[in-house]
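Structure file input-v5.cif (mmCIF, C-alpha atoms) follows.
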```
data_my_file
loop_
_atom_site.label_atom_id
_atom_site.label_comp_id
_atom_site.auth_asym_id
_atom_site.auth_seq_id
_atom_site.Cartn_x
_atom_site.Cartn_y
_atom_site.Cartn_z
CA MET A 1 35.57 3.88 -24.76
CA ILE A 2 34.94 0.41 -26.15
CA TYR A 3 34.33 -2.31 -23.57
CA PHE A 4 35.24 -5.81 -24.72
CA ASP A 5 35.82 -7.44 -21.33
CA ASN A 6 32.36 -8.83 -20.62
CA ALA A 7 33.78 -12.21 -19.61
CA ALA A 8 35.25 -10.46 -16.57
CA THR A 9 32.06 -8.59 -15.80
CA SER A 10 29.34 -7.28 -18.08
CA ARG A 11 29.14 -3.58 -18.75
CA PRO A 12 26.87 -1.67 -18.90
CA LYS A 13 24.11 -3.06 -16.73
CA PRO A 14 20.55 -2.64 -17.99
CA LYS A 15 18.63 0.25 -16.43
CA GLU A 16 16.07 -2.26 -15.17
CA VAL A 17 18.79 -3.91 -13.08
CA LEU A 18 19.93 -0.65 -11.52
CA ASP A 19 16.32 0.37 -10.90
CA ALA A 20 15.63 -2.93 -9.15
CA PHE A 21 18.68 -2.49 -6.92
CA ASN A 22 17.64 1.05 -6.09
CA TYR A 23 14.06 -0.02 -5.40
CA TYR A 24 15.15 -2.73 -3.02
CA VAL A 25 17.53 -0.51 -1.11
CA THR A 26 15.16 2.43 -0.81
CA GLU A 27 11.72 0.82 -0.59
CA VAL A 28 12.45 -2.48 1.19
CA GLY A 29 15.93 -2.26 2.67
CA THR A 30 15.57 -5.16 5.11
CA SER A 31 17.15 -8.60 5.31
CA PRO A 32 15.15 -11.70 4.39
CA GLY A 33 14.65 -14.15 7.23
CA ARG A 34 15.75 -11.59 9.76
CA GLY A 35 12.46 -10.42 11.18
CA SER A 36 8.75 -11.12 11.18
CA TYR A 37 7.43 -7.59 10.62
CA GLY A 38 5.97 -6.58 7.29
CA LEU A 39 9.06 -5.28 5.53
CA ALA A 40 11.17 -8.27 6.57
CA ILE A 41 8.45 -10.62 5.36
CA GLN A 42 8.43 -8.73 2.07
CA ALA A 43 12.20 -9.24 1.83
CA SER A 44 11.75 -12.98 2.35
CA ARG A 45 8.98 -13.02 -0.25
CA MET A 46 11.27 -11.28 -2.76
CA LEU A 47 14.03 -13.77 -1.99
CA TYR A 48 11.63 -16.59 -2.77
CA GLN A 49 10.63 -14.89 -6.03
CA SER A 50 14.31 -14.53 -6.89
CA ARG A 51 14.96 -18.22 -6.24
CA LYS A 52 11.97 -19.04 -8.41
CA THR A 53 13.23 -16.97 -11.34
CA VAL A 54 16.75 -18.39 -11.13
CA SER A 55 15.63 -22.02 -10.79
CA SER A 56 13.23 -21.69 -13.69
CA PHE A 57 15.89 -20.03 -15.87
CA PHE A 58 18.15 -23.05 -15.40
CA GLY A 59 15.37 -25.60 -15.89
CA ILE A 60 14.76 -26.58 -12.27
CA ASN A 61 11.22 -26.59 -10.89
CA GLU A 62 12.10 -26.29 -7.22
CA PRO A 63 13.04 -22.74 -6.06
CA SER A 64 14.54 -24.00 -2.81
CA HIS A 65 17.22 -25.82 -4.78
CA VAL A 66 18.93 -22.48 -5.42
CA ILE A 67 21.59 -21.56 -2.85
CA PHE A 68 22.72 -17.96 -3.18
CA THR A 69 26.40 -17.19 -2.67
CA LYS A 70 28.50 -14.12 -3.30
CA ASN A 71 29.87 -15.49 -6.60
CA SER A 72 30.44 -18.72 -8.50
CA THR A 73 33.82 -19.27 -6.83
CA GLU A 74 32.12 -19.50 -3.44
CA ALA A 75 29.46 -21.79 -4.87
CA ILE A 76 32.11 -24.08 -6.37
CA ASN A 77 34.10 -24.18 -3.13
CA LEU A 78 30.96 -24.84 -1.10
CA PHE A 79 30.02 -27.74 -3.30
CA LEU A 80 33.40 -29.38 -3.85
CA ASN A 81 34.49 -29.16 -0.22
CA GLY A 82 31.18 -30.53 0.98
CA TYR A 83 30.42 -33.14 -1.65
CA LEU A 84 33.77 -34.83 -2.23
CA LYS A 85 34.91 -37.36 0.32
CA ASN A 86 38.07 -39.26 1.09
CA GLY A 87 39.06 -41.56 -1.76
CA ASP A 88 36.91 -39.92 -4.45
CA HIS A 89 38.16 -39.43 -7.99
CA VAL A 90 37.09 -36.51 -10.17
CA LEU A 91 37.27 -35.75 -13.88
CA ILE A 92 37.71 -32.13 -14.95
CA SER A 93 37.72 -30.56 -18.38
CA PRO A 94 40.96 -29.13 -19.77
CA TYR A 95 39.45 -25.64 -19.76
CA GLU A 96 38.57 -25.27 -16.09
CA HIS A 97 38.96 -21.89 -14.42
CA ASN A 98 41.13 -21.65 -11.32
CA ALA A 99 37.88 -21.45 -9.33
CA VAL A 100 37.56 -25.18 -10.02
CA LEU A 101 41.20 -26.16 -10.40
CA ARG A 102 42.40 -24.70 -7.12
CA PRO A 103 39.87 -26.28 -4.75
CA ILE A 104 40.31 -29.57 -6.59
CA GLN A 105 44.10 -29.35 -6.40
CA THR A 106 43.89 -28.39 -2.73
CA LEU A 107 41.79 -31.48 -1.99
CA LYS A 108 44.35 -33.54 -3.88
CA ASN A 109 47.23 -31.97 -1.95
CA LYS A 110 45.46 -32.98 1.26
CA GLU A 111 45.34 -36.54 -0.17
CA ILE A 112 41.54 -36.51 0.06
CA ILE A 113 40.83 -36.95 -3.65
CA ASP A 114 42.55 -37.59 -6.94
CA TYR A 115 41.61 -36.06 -10.28
CA THR A 116 42.18 -36.50 -13.99
CA VAL A 117 42.13 -33.76 -16.61
CA LEU A 118 40.16 -34.81 -19.66
CA PRO A 119 42.13 -34.72 -22.93
CA PRO A 120 40.95 -31.86 -25.19
CA ASP A 121 39.70 -34.33 -27.79
CA THR A 122 37.02 -35.59 -25.41
CA ILE A 123 35.10 -32.36 -26.01
CA ASP A 124 34.43 -33.54 -29.56
CA TYR A 125 34.49 -37.24 -28.72
CA PRO A 126 32.82 -37.50 -25.30
CA GLN A 127 32.44 -41.27 -25.59
CA ASP A 128 36.19 -41.46 -24.87
CA ILE A 129 35.53 -40.19 -21.36
CA ALA A 130 34.25 -43.63 -20.37
CA SER A 131 37.75 -45.13 -20.47
CA LEU A 132 38.94 -42.57 -17.89
CA ILE A 133 36.26 -43.38 -15.36
CA ARG A 134 37.48 -45.38 -12.37
CA PRO A 135 35.43 -47.36 -9.85
CA ASN A 136 35.79 -44.44 -7.41
CA THR A 137 35.03 -41.65 -9.90
CA LYS A 138 32.28 -39.62 -8.31
CA LEU A 139 32.04 -36.42 -10.32
CA LEU A 140 32.66 -34.96 -13.75
CA ILE A 141 33.25 -31.21 -13.76
CA SER A 142 32.98 -29.12 -16.90
CA THR A 143 32.84 -25.44 -17.55
CA LEU A 144 29.91 -24.51 -19.77
CA ALA A 145 32.19 -22.36 -21.93
CA SER A 146 35.87 -21.53 -21.66
CA ASN A 147 36.55 -18.14 -20.12
CA LEU A 148 39.65 -18.00 -22.33
CA THR A 149 38.66 -19.20 -25.80
CA GLY A 150 34.91 -18.88 -25.40
CA GLN A 151 34.37 -22.33 -26.88
CA LEU A 152 31.55 -24.47 -25.58
CA VAL A 153 33.02 -27.23 -23.45
CA PHE A 154 30.12 -28.95 -21.69
CA SER A 155 27.78 -31.10 -23.75
CA THR A 156 24.82 -33.30 -22.94
CA ASP A 157 26.69 -36.19 -24.54
CA MET A 158 29.44 -35.70 -22.00
CA ALA A 159 26.89 -35.83 -19.19
CA THR A 160 25.28 -38.93 -20.64
CA VAL A 161 28.58 -40.80 -20.61
CA ALA A 162 29.08 -39.80 -16.98
CA HIS A 163 25.59 -40.83 -15.92
CA ASN A 164 25.88 -44.14 -17.75
CA ASN A 165 28.80 -44.84 -15.44
CA ASP A 166 27.12 -43.61 -12.23
CA VAL A 167 29.14 -40.39 -12.20
CA LYS A 168 27.42 -37.13 -11.27
CA VAL A 169 27.82 -33.97 -13.40
CA PHE A 170 28.75 -30.50 -12.20
CA VAL A 171 28.76 -27.54 -14.59
CA ASP A 172 30.50 -24.24 -13.94
CA ALA A 173 28.22 -21.85 -15.86
CA SER A 174 30.17 -18.70 -14.99
CA GLN A 175 30.63 -18.16 -18.71
CA GLY A 176 27.50 -18.57 -20.80
CA ALA A 177 24.86 -18.69 -18.08
CA GLY A 178 22.95 -15.82 -19.65
CA LYS A 179 22.98 -17.30 -23.14
CA LYS A 180 20.17 -19.75 -22.39
CA LEU A 181 22.49 -22.61 -23.32
CA ILE A 182 21.65 -24.86 -20.43
CA ASN A 183 18.60 -26.48 -18.92
CA MET A 184 19.75 -28.67 -16.08
CA THR A 185 17.00 -31.24 -16.43
CA LYS A 186 17.13 -31.52 -20.22
CA ASN A 187 20.93 -31.40 -20.36
CA SER A 188 21.43 -33.95 -17.55
CA VAL A 189 23.24 -31.62 -15.16
CA ASP A 190 23.12 -32.57 -11.49
CA PHE A 191 24.79 -29.48 -10.04
CA LEU A 192 25.50 -26.04 -11.46
CA ALA A 193 27.34 -22.95 -10.25
CA PHE A 194 26.60 -19.53 -11.68
CA THR A 195 27.68 -15.95 -11.16
CA GLY A 196 25.29 -13.06 -11.43
CA HIS A 197 27.47 -10.26 -12.76
CA LYS A 198 28.71 -11.64 -16.07
CA ASP A 199 26.36 -12.55 -18.89
CA LEU A 200 23.40 -12.74 -16.51
CA LEU A 201 23.83 -8.92 -16.46
CA GLY A 202 23.43 -8.59 -12.70
CA LEU A 203 25.65 -6.88 -10.16
CA PRO A 204 28.79 -8.19 -8.47
CA GLY A 205 28.20 -10.01 -5.21
CA THR A 206 25.72 -12.62 -6.39
CA GLY A 207 26.12 -16.19 -7.53
CA GLY A 208 24.81 -19.54 -6.55
CA LEU A 209 24.73 -23.28 -6.49
CA ILE A 210 21.76 -25.13 -7.99
CA SER A 211 21.06 -28.84 -7.71
CA GLU A 212 18.62 -31.11 -9.42
CA ASP A 213 17.94 -32.87 -6.12
CA GLU A 214 18.23 -31.64 -2.56
CA ILE A 215 21.76 -32.03 -1.28
CA LYS A 216 23.07 -32.47 2.25
CA ILE A 217 26.70 -31.42 2.51
CA MET A 218 28.81 -29.61 5.08
CA PRO A 219 28.17 -25.84 4.84
CA LEU A 220 31.17 -23.72 3.97
CA ILE A 221 30.46 -21.34 6.85
CA GLN A 222 28.48 -21.56 10.09
CA GLY A 223 26.38 -18.72 11.46
CA GLY A 224 22.98 -17.11 11.56
CA THR A 225 20.45 -18.56 9.15
CA GLY A 226 17.33 -16.77 10.35
CA ILE A 227 15.66 -20.07 11.26
CA HIS A 228 16.08 -22.72 13.96
CA GLY A 229 18.12 -20.27 16.01
CA ASP A 230 18.13 -22.63 18.98
CA SER A 231 20.55 -24.99 17.24
CA TYR A 232 24.26 -24.67 18.04
CA ILE A 233 25.18 -25.43 14.42
CA ASN A 234 23.53 -24.60 11.10
CA PRO A 235 20.25 -26.54 10.82
CA GLU A 236 19.79 -29.06 8.03
CA ALA A 237 17.39 -26.75 6.23
CA TYR A 238 17.86 -26.41 2.51
CA PRO A 239 18.94 -23.91 1.22
CA ASP A 240 19.06 -21.71 4.34
CA SER A 241 21.80 -23.74 5.97
CA TYR A 242 24.21 -22.82 3.18
CA GLU A 243 23.52 -19.09 3.30
CA ALA A 244 24.69 -18.24 6.82
CA GLY A 245 25.10 -14.53 7.43
CA THR A 246 23.27 -11.64 5.79
CA ILE A 247 22.89 -12.25 2.07
CA ASN A 248 23.24 -9.59 -0.61
CA MET A 249 19.52 -9.18 -1.14
CA PRO A 250 19.63 -5.86 -3.05
CA ALA A 251 21.88 -7.48 -5.66
CA ILE A 252 19.86 -10.72 -5.62
CA TRP A 253 16.74 -8.73 -6.41
CA ALA A 254 18.68 -6.95 -9.16
CA LEU A 255 19.71 -10.37 -10.49
CA LYS A 256 16.10 -11.52 -10.59
CA ASN A 257 15.29 -8.47 -12.69
CA ALA A 258 18.37 -9.00 -14.85
CA ILE A 259 17.13 -12.48 -15.74
CA ASP A 260 13.69 -11.07 -16.48
CA TYR A 261 15.42 -8.53 -18.74
CA ILE A 262 17.30 -11.29 -20.57
CA GLU A 263 14.08 -13.24 -21.07
CA ASP A 264 12.36 -10.16 -22.47
CA ASN A 265 15.23 -9.10 -24.74
CA PHE A 266 16.95 -12.35 -25.56
CA ASP A 267 16.50 -12.25 -29.32
CA PHE A 268 17.92 -8.75 -29.59
CA LEU A 269 20.87 -9.46 -27.30
CA SER A 270 21.66 -12.75 -28.99
CA ASN A 271 21.45 -11.39 -32.53
CA GLN A 272 23.46 -8.29 -31.76
CA GLU A 273 26.33 -10.13 -30.11
CA SER A 274 26.39 -12.65 -32.93
CA ILE A 275 26.61 -9.88 -35.54
CA VAL A 276 29.35 -8.03 -33.67
CA LEU A 277 31.32 -11.17 -32.86
CA ASN A 278 31.31 -12.37 -36.46
CA ARG A 279 32.28 -8.92 -37.69
CA ILE A 280 35.34 -8.97 -35.45
CA LEU A 281 36.31 -12.58 -36.17
CA ASN A 282 35.97 -12.12 -39.91
CA GLY A 283 37.91 -8.88 -39.74
CA LEU A 284 40.77 -10.52 -37.84
CA ASP A 285 40.79 -13.44 -40.26
CA SER A 286 41.92 -11.04 -42.96
CA ILE A 287 44.95 -9.88 -40.96
CA ASP A 288 47.99 -12.10 -41.56
CA ARG A 289 49.76 -11.97 -38.21
CA VAL A 290 46.68 -12.57 -36.06
CA ASN A 291 46.18 -16.07 -34.63
CA ILE A 292 42.76 -16.78 -33.13
CA TYR A 293 42.78 -19.82 -30.86
CA ASN A 294 40.27 -22.60 -31.52
CA ARG A 295 38.76 -20.42 -34.24
CA ALA A 296 36.43 -23.12 -35.60
CA ALA A 297 34.89 -24.09 -32.27
CA LYS A 298 31.31 -23.26 -31.33
CA ARG A 299 31.55 -20.48 -28.81
CA VAL A 300 29.92 -17.84 -26.69
CA SER A 301 30.83 -14.26 -27.55
CA THR A 302 34.41 -14.61 -26.34
CA PHE A 303 37.65 -15.48 -28.12
CA CYS A 304 41.37 -14.98 -27.63
CA PHE A 305 44.20 -14.26 -29.99
CA ASN A 306 47.84 -13.30 -30.31
CA ILE A 307 49.71 -11.27 -32.87
CA ASP A 308 52.92 -12.83 -34.21
CA GLY A 309 55.94 -10.96 -32.94
CA MET A 310 54.06 -8.81 -30.46
CA PRO A 311 53.68 -9.71 -26.75
CA SER A 312 50.07 -9.91 -25.58
CA ASN A 313 50.66 -7.28 -22.91
CA THR A 314 51.83 -4.84 -25.61
CA VAL A 315 48.64 -5.44 -27.56
CA VAL A 316 46.52 -4.83 -24.45
CA GLU A 317 48.44 -1.69 -23.56
CA ASN A 318 48.18 -0.25 -27.06
CA LEU A 319 44.48 -1.01 -27.32
CA SER A 320 43.92 0.56 -23.91
CA ALA A 321 45.63 3.71 -25.15
CA LYS A 322 43.01 3.79 -27.91
CA GLY A 323 40.20 3.39 -25.36
CA ILE A 324 39.60 -0.30 -26.05
CA CYS A 325 39.25 -2.61 -23.03
CA VAL A 326 40.45 -6.17 -23.57
CA ARG A 327 42.19 -8.50 -21.14
CA GLY A 328 45.64 -10.10 -21.41
CA GLY A 329 47.59 -12.39 -19.10
CA ILE A 330 46.45 -15.78 -17.82
CA HIS A 331 42.78 -14.97 -17.13
CA CYS A 332 42.75 -17.07 -13.92
CA ALA A 333 42.74 -20.10 -16.19
CA ILE A 334 46.18 -21.71 -16.18
CA LYS A 335 44.76 -25.09 -17.23
CA ALA A 336 43.12 -23.53 -20.28
CA HIS A 337 46.34 -21.76 -21.23
CA GLU A 338 48.22 -25.05 -20.88
CA THR A 339 45.67 -26.62 -23.19
CA ILE A 340 46.10 -24.07 -25.97
CA GLY A 341 49.84 -23.61 -25.41
CA THR A 342 49.90 -19.99 -24.29
CA VAL A 343 51.31 -20.24 -20.76
CA LYS A 344 54.48 -18.36 -21.74
CA THR A 345 52.88 -15.80 -24.02
CA GLY A 346 49.49 -15.19 -22.47
CA ALA A 347 46.76 -14.19 -24.90
CA VAL A 348 44.51 -11.26 -25.64
CA ARG A 349 40.90 -12.00 -24.77
CA VAL A 350 38.00 -10.21 -26.41
CA SER A 351 34.56 -10.73 -24.89
CA ILE A 352 31.59 -8.82 -26.21
CA ASN A 353 27.90 -8.73 -25.41
CA GLY A 354 24.61 -7.59 -26.89
CA PHE A 355 25.28 -3.94 -26.08
CA ASN A 356 28.33 -3.74 -28.35
CA THR A 357 27.97 -2.34 -31.84
CA ILE A 358 29.19 -2.81 -35.40
CA GLU A 359 30.94 0.54 -35.16
CA GLU A 360 32.89 -0.69 -32.13
CA ALA A 361 33.81 -3.87 -34.00
CA ASP A 362 35.13 -1.85 -36.95
CA ALA A 363 37.06 0.48 -34.64
CA PHE A 364 38.66 -2.55 -33.00
CA ILE A 365 39.75 -4.04 -36.33
CA GLN A 366 41.15 -0.69 -37.40
CA ALA A 367 43.06 -0.40 -34.12
CA ILE A 368 44.61 -3.85 -34.62
CA LYS A 369 45.70 -2.91 -38.15
CA GLU A 370 47.31 0.23 -36.81
CA LEU A 371 49.36 -1.84 -34.36
CA LEU A 372 51.03 -3.84 -37.12
CA MET B 373 -6.97 -19.49 13.46
CA ILE B 374 -4.42 -22.15 12.60
CA HIS B 375 -0.70 -21.60 12.07
CA PHE B 376 1.15 -23.68 9.51
CA VAL B 377 4.79 -23.76 10.57
CA PHE B 378 7.25 -24.81 7.87
CA TYR B 379 10.71 -26.22 8.24
CA LYS B 380 12.12 -24.18 5.33
CA THR B 381 11.60 -20.44 4.82
CA SER B 382 11.12 -20.82 1.08
CA ASP B 383 8.23 -23.20 1.73
CA VAL B 384 6.40 -20.46 3.63
CA PHE B 385 6.25 -18.40 0.47
CA LYS B 386 5.57 -21.35 -1.77
CA ALA B 387 2.59 -22.10 0.50
CA GLU B 388 1.48 -18.48 0.38
CA GLU B 389 1.54 -18.62 -3.41
CA LEU B 390 -0.45 -21.87 -3.54
CA LEU B 391 -3.03 -20.59 -1.06
CA ILE B 392 -3.51 -17.30 -2.92
CA GLU B 393 -3.97 -19.19 -6.20
CA ALA B 394 -6.67 -21.22 -4.48
CA ASN B 395 -8.31 -18.09 -3.04
CA ILE B 396 -7.64 -19.13 0.55
CA THR B 397 -7.20 -16.10 2.76
CA ASN B 398 -3.92 -16.25 4.61
CA SER B 399 -1.34 -14.11 6.38
CA ILE B 400 2.38 -14.43 6.92
CA VAL B 401 2.93 -13.82 10.63
CA PRO B 402 5.56 -14.41 13.33
CA THR B 403 5.69 -18.03 14.41
CA PRO B 404 3.95 -18.35 17.80
CA VAL B 405 6.11 -19.08 20.84
CA GLN B 406 5.55 -22.63 22.03
CA ASP B 407 7.99 -24.66 24.09
CA LYS B 408 10.75 -22.33 22.92
CA ALA B 409 11.12 -19.10 20.97
CA TYR B 410 11.38 -19.21 17.19
CA CYS B 411 12.53 -16.40 14.94
CA GLY B 412 10.84 -17.38 11.70
CA VAL B 413 7.50 -16.69 10.09
CA CYS B 414 4.60 -19.00 9.32
CA VAL B 415 1.28 -19.01 7.47
CA ARG B 416 -1.93 -18.29 9.38
CA ILE B 417 -5.29 -19.32 7.94
CA ASN B 418 -8.87 -19.57 9.10
CA ASP B 419 -10.04 -22.79 10.72
CA ASP B 420 -12.52 -23.50 7.95
CA SER B 421 -9.74 -23.53 5.30
CA VAL B 422 -7.49 -26.02 7.06
CA GLU B 423 -8.71 -29.14 5.35
CA TYR B 424 -8.37 -27.68 1.85
CA ALA B 425 -5.01 -26.14 2.75
CA ASN B 426 -3.70 -29.51 3.89
CA LEU B 427 -4.62 -30.96 0.51
CA LEU B 428 -2.86 -28.13 -1.32
CA LEU B 429 0.28 -28.23 0.77
CA ASN B 430 0.70 -31.96 1.19
CA LYS B 431 4.09 -32.00 -0.55
CA LEU B 432 5.58 -29.48 1.89
CA GLU B 433 7.04 -30.19 5.32
CA TYR B 434 5.15 -28.38 8.10
CA LYS B 435 3.22 -28.74 11.31
CA GLN B 436 0.00 -27.10 12.52
CA ILE B 437 -0.33 -25.03 15.66
CA GLY B 438 -3.72 -24.05 16.93
#
```

Can I see the file as structure tokens?
Amino acid sequence: MIYFDNAATSRPKPKEVLDAFNYYVTEVGTSPGRGSYGLAIQASRMLYQSRKTVSSFFGINEPSHVIFTKNSTEAINLFLNGYLKNGDHVLISPYEHNAVLRPIQTLKNKEIIDYTVLPPDTIDYPQDIASLIRPNTKLLISTLASNLTGQLVFSTDMATVAHNNDVKVFVDASQGAGKKLINMTKNSVDFLAFTGHKDLLGLPGTGGLISEDEIKIMPLIQGGTGIHGDSYINPEAYPDSYEAGTINMPAIWALKNAIDYIEDNFDFLSNQESIVLNRILNGLDSIDRVNIYNRAAKRVSTFCFNIDGMPSNTVVENLSAKGICVRGGIHCAIKAHETIGTVKTGAVRVSINGFNTIEEADAFIQAIKELL
Amino acid sequence: MIHFVFYKTSDVFKAEELLIEANITNSIVPTPVQDKAYCGVCVRINDDSVEYANLLLNKLEYKQIG
């Protein structure tokens, strides 16, 4: 089996990640903030260490500025529903995932906010964003990389234009978080959402919201926070107030170790995925009927393509029959498909990582040739 | 013994880290019951370390309980 669907979730997970999960469950097995005996204190200590690793990885010095959620979708919803107020205007990139588009559209449908989709050219010419900023524009939202084409979308230049016009910057790093492409402080990012199970190599059930400065917004859910239990509503304690209910500490500890793994093995992972990606792209370039979207763009290790005269679902089905896992359809990214003109056709997405091999790349190219 | 009670849980462990780096003996213990019960934990240190601890932790939000 050849797994090329790492943009959906990375596979396999490093042994270190599985070992960390197993260690937490078997040797600690308690909930942080839910007790003051030794093992519960150890759980809280490990949660702090996890916040520290995550904040440092994204260039933030303050561990308490990491709010853990179950995934990036929850982090995005928490932030957008709490931060945006009546009358606000928002700019979003033309490659946003439905995790951003849908909460934004819902707020618009409720006549709370309005939003503008940035023209695709603004990715290369971010100075043009300035003309789209209104007096009430509060936030610019950009995905770090497209989950469809893999191209890098966010840039520091984009953030600079926003900041020069008193607009805050939110980055959805669901794609590319593990590639060490972003340092919030250096890249002028005010808020960032991440998911743990994609290229951060962690397990499903972890994600988070990180902010440069402490934020005070309405929590998405109310409930037990482990502190200030005498209050009838969540206390204004950051980040605890935004993590009501038992958090997924075994997977958070696994995520901490996944990030440590990435730090320790980054050169290998980065080189390997670059070699495999280029092998595939170059191989497809030599096949006449294959059209790779936004081929020239700088990208993470994801791209999408179609074959002339062959529906994308047929390509996916045939590759699956050969034991190759790629994803067709709309990829939860209707705005991105609108941008590249593939709403009616869908596209075949290939997303690799540092565990893929040259042999797998060659087998994929051969399988495509056999389809034609 | 003095208890340093922090508003945020993460600050408890940030304080623990700072105190250990400074070789100040400390323990993470249940927060003492005062005017009402509290379910969190706090940092307990010896009386003779309080002044130095206050210097180390001056950027954190906490109160002292004797």

On this file, the PyMOL selection byres ((chain A) within 7 of (chain B)) gives some set of residues; write that set as a PDB file with C-alpha atoms, in the frame of the given file.
```
ATOM      1  CA  GLY A  33      14.650 -14.150   7.230  1.00  0.00           C
ATOM      2  CA  SER A  36       8.750 -11.120  11.180  1.00  0.00           C
ATOM      3  CA  ARG A  45       8.980 -13.020  -0.250  1.00  0.00           C
ATOM      4  CA  TYR A  48      11.630 -16.590  -2.770  1.00  0.00           C
ATOM      5  CA  SER A  64      14.540 -24.000  -2.810  1.00  0.00           C
ATOM      6  CA  GLY A 226      17.330 -16.770  10.350  1.00  0.00           C
ATOM      7  CA  ILE A 227      15.660 -20.070  11.260  1.00  0.00           C
ATOM      8  CA  HIS A 228      16.080 -22.720  13.960  1.00  0.00           C
ATOM      9  CA  GLY A 229      18.120 -20.270  16.010  1.00  0.00           C
ATOM     10  CA  ALA A 237      17.390 -26.750   6.230  1.00  0.00           C
ATOM     11  CA  TYR A 238      17.860 -26.410   2.510  1.00  0.00           C
TER      12      TYR A 238
END
```

Selection result for the PyMOL selection byres ((chain A and resi 189) around 12) on this file, as a ChimeraX atom specification: /A:58-60,139-144,154-163,167-173,182-188,190-193,210-213

Take the selection from the previous step and output its residues with C-alpha atoms, as a PDB file, in the coordinates of the input.
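Wrote it out as selection.pdb, contents follow:
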```pdb
ATOM      1  CA  PHE A  58      18.150 -23.050 -15.400  1.00  0.00           C
ATOM      2  CA  GLY A  59      15.370 -25.600 -15.890  1.00  0.00           C
ATOM      3  CA  ILE A  60      14.760 -26.580 -12.270  1.00  0.00           C
ATOM      4  CA  LEU A 139      32.040 -36.420 -10.320  1.00  0.00           C
ATOM      5  CA  LEU A 140      32.660 -34.960 -13.750  1.00  0.00           C
ATOM      6  CA  ILE A 141      33.250 -31.210 -13.760  1.00  0.00           C
ATOM      7  CA  SER A 142      32.980 -29.120 -16.900  1.00  0.00           C
ATOM      8  CA  THR A 143      32.840 -25.440 -17.550  1.00  0.00           C
ATOM      9  CA  LEU A 144      29.910 -24.510 -19.770  1.00  0.00           C
ATOM     10  CA  PHE A 154      30.120 -28.950 -21.690  1.00  0.00           C
ATOM     11  CA  SER A 155      27.780 -31.100 -23.750  1.00  0.00           C
ATOM     12  CA  THR A 156      24.820 -33.300 -22.940  1.00  0.00           C
ATOM     13  CA  ASP A 157      26.690 -36.190 -24.540  1.00  0.00           C
ATOM     14  CA  MET A 158      29.440 -35.700 -22.000  1.00  0.00           C
ATOM     15  CA  ALA A 159      26.890 -35.830 -19.190  1.00  0.00           C
ATOM     16  CA  THR A 160      25.280 -38.930 -20.640  1.00  0.00           C
ATOM     17  CA  VAL A 161      28.580 -40.800 -20.610  1.00  0.00           C
ATOM     18  CA  ALA A 162      29.080 -39.800 -16.980  1.00  0.00           C
ATOM     19  CA  HIS A 163      25.590 -40.830 -15.920  1.00  0.00           C
ATOM     20  CA  VAL A 167      29.140 -40.390 -12.200  1.00  0.00           C
ATOM     21  CA  LYS A 168      27.420 -37.130 -11.270  1.00  0.00           C
ATOM     22  CA  VAL A 169      27.820 -33.970 -13.400  1.00  0.00           C
ATOM     23  CA  PHE A 170      28.750 -30.500 -12.200  1.00  0.00           C
ATOM     24  CA  VAL A 171      28.760 -27.540 -14.590  1.00  0.00           C
ATOM     25  CA  ASP A 172      30.500 -24.240 -13.940  1.00  0.00           C
ATOM     26  CA  ALA A 173      28.220 -21.850 -15.860  1.00  0.00           C
ATOM     27  CA  ILE A 182      21.650 -24.860 -20.430  1.00  0.00           C
ATOM     28  CA  ASN A 183      18.600 -26.480 -18.920  1.00  0.00           C
ATOM     29  CA  MET A 184      19.750 -28.670 -16.080  1.00  0.00           C
ATOM     30  CA  THR A 185      17.000 -31.240 -16.430  1.00  0.00           C
ATOM     31  CA  LYS A 186      17.130 -31.520 -20.220  1.00  0.00           C
ATOM     32  CA  ASN A 187      20.930 -31.400 -20.360  1.00  0.00           C
ATOM     33  CA  SER A 188      21.430 -33.950 -17.550  1.00  0.00           C
ATOM     34  CA  ASP A 190      23.120 -32.570 -11.490  1.00  0.00           C
ATOM     35  CA  PHE A 191      24.790 -29.480 -10.040  1.00  0.00           C
ATOM     36  CA  LEU A 192      25.500 -26.040 -11.460  1.00  0.00           C
ATOM     37  CA  ALA A 193      27.340 -22.950 -10.250  1.00  0.00           C
ATOM     38  CA  ILE A 210      21.760 -25.130  -7.990  1.00  0.00           C
ATOM     39  CA  SER A 211      21.060 -28.840  -7.710  1.00  0.00           C
ATOM     40  CA  GLU A 212      18.620 -31.110  -9.420  1.00  0.00           C
ATOM     41  CA  ASP A 213      17.940 -32.870  -6.120  1.00  0.00           C
TER      42      ASP A 213
END
```

Please indicate the distance in Å from atom CA of Lys216 of chain A to atom CA of His197 of chain A, rounded to one decimal place. 27.2 Å

Identify, on the basis of all atoms listed in the file, every residue whose closest approach to Gly176 of chain A does not exceed 8 Å; exclude the query and any residue fewer than 4 positions from it along the same chain; express the result as JSON, numbers by chain. {"A": [144, 145, 180, 181, 199, 300]}

For the point (29.7, -13.7, -28.8) in the file's frame, write as number ranges by chain all residues with an atom no more than 7 Å away, counting only C-alpha atoms. A: 273-274, 277, 300-302, 351-353

Quick one: apply the PyMOL selection byres ((chain B and resi 417) around 8) to the file and drop the selected residues here as number ranges by chain. B: 373-376, 396-399, 415-416, 418-419, 421-422

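In this model, the gap between atom CA of Asn282 of chain A and atom CA of Arg295 of chain A comes to 10.4 Å.
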
Mind pulling up the distance from atom CA of Leu220 of chain A to atom CA of Val117 of chain A?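 Going from atom CA of Val117 of chain A over to atom CA of Leu220 of chain A, I get 25.4 Å.
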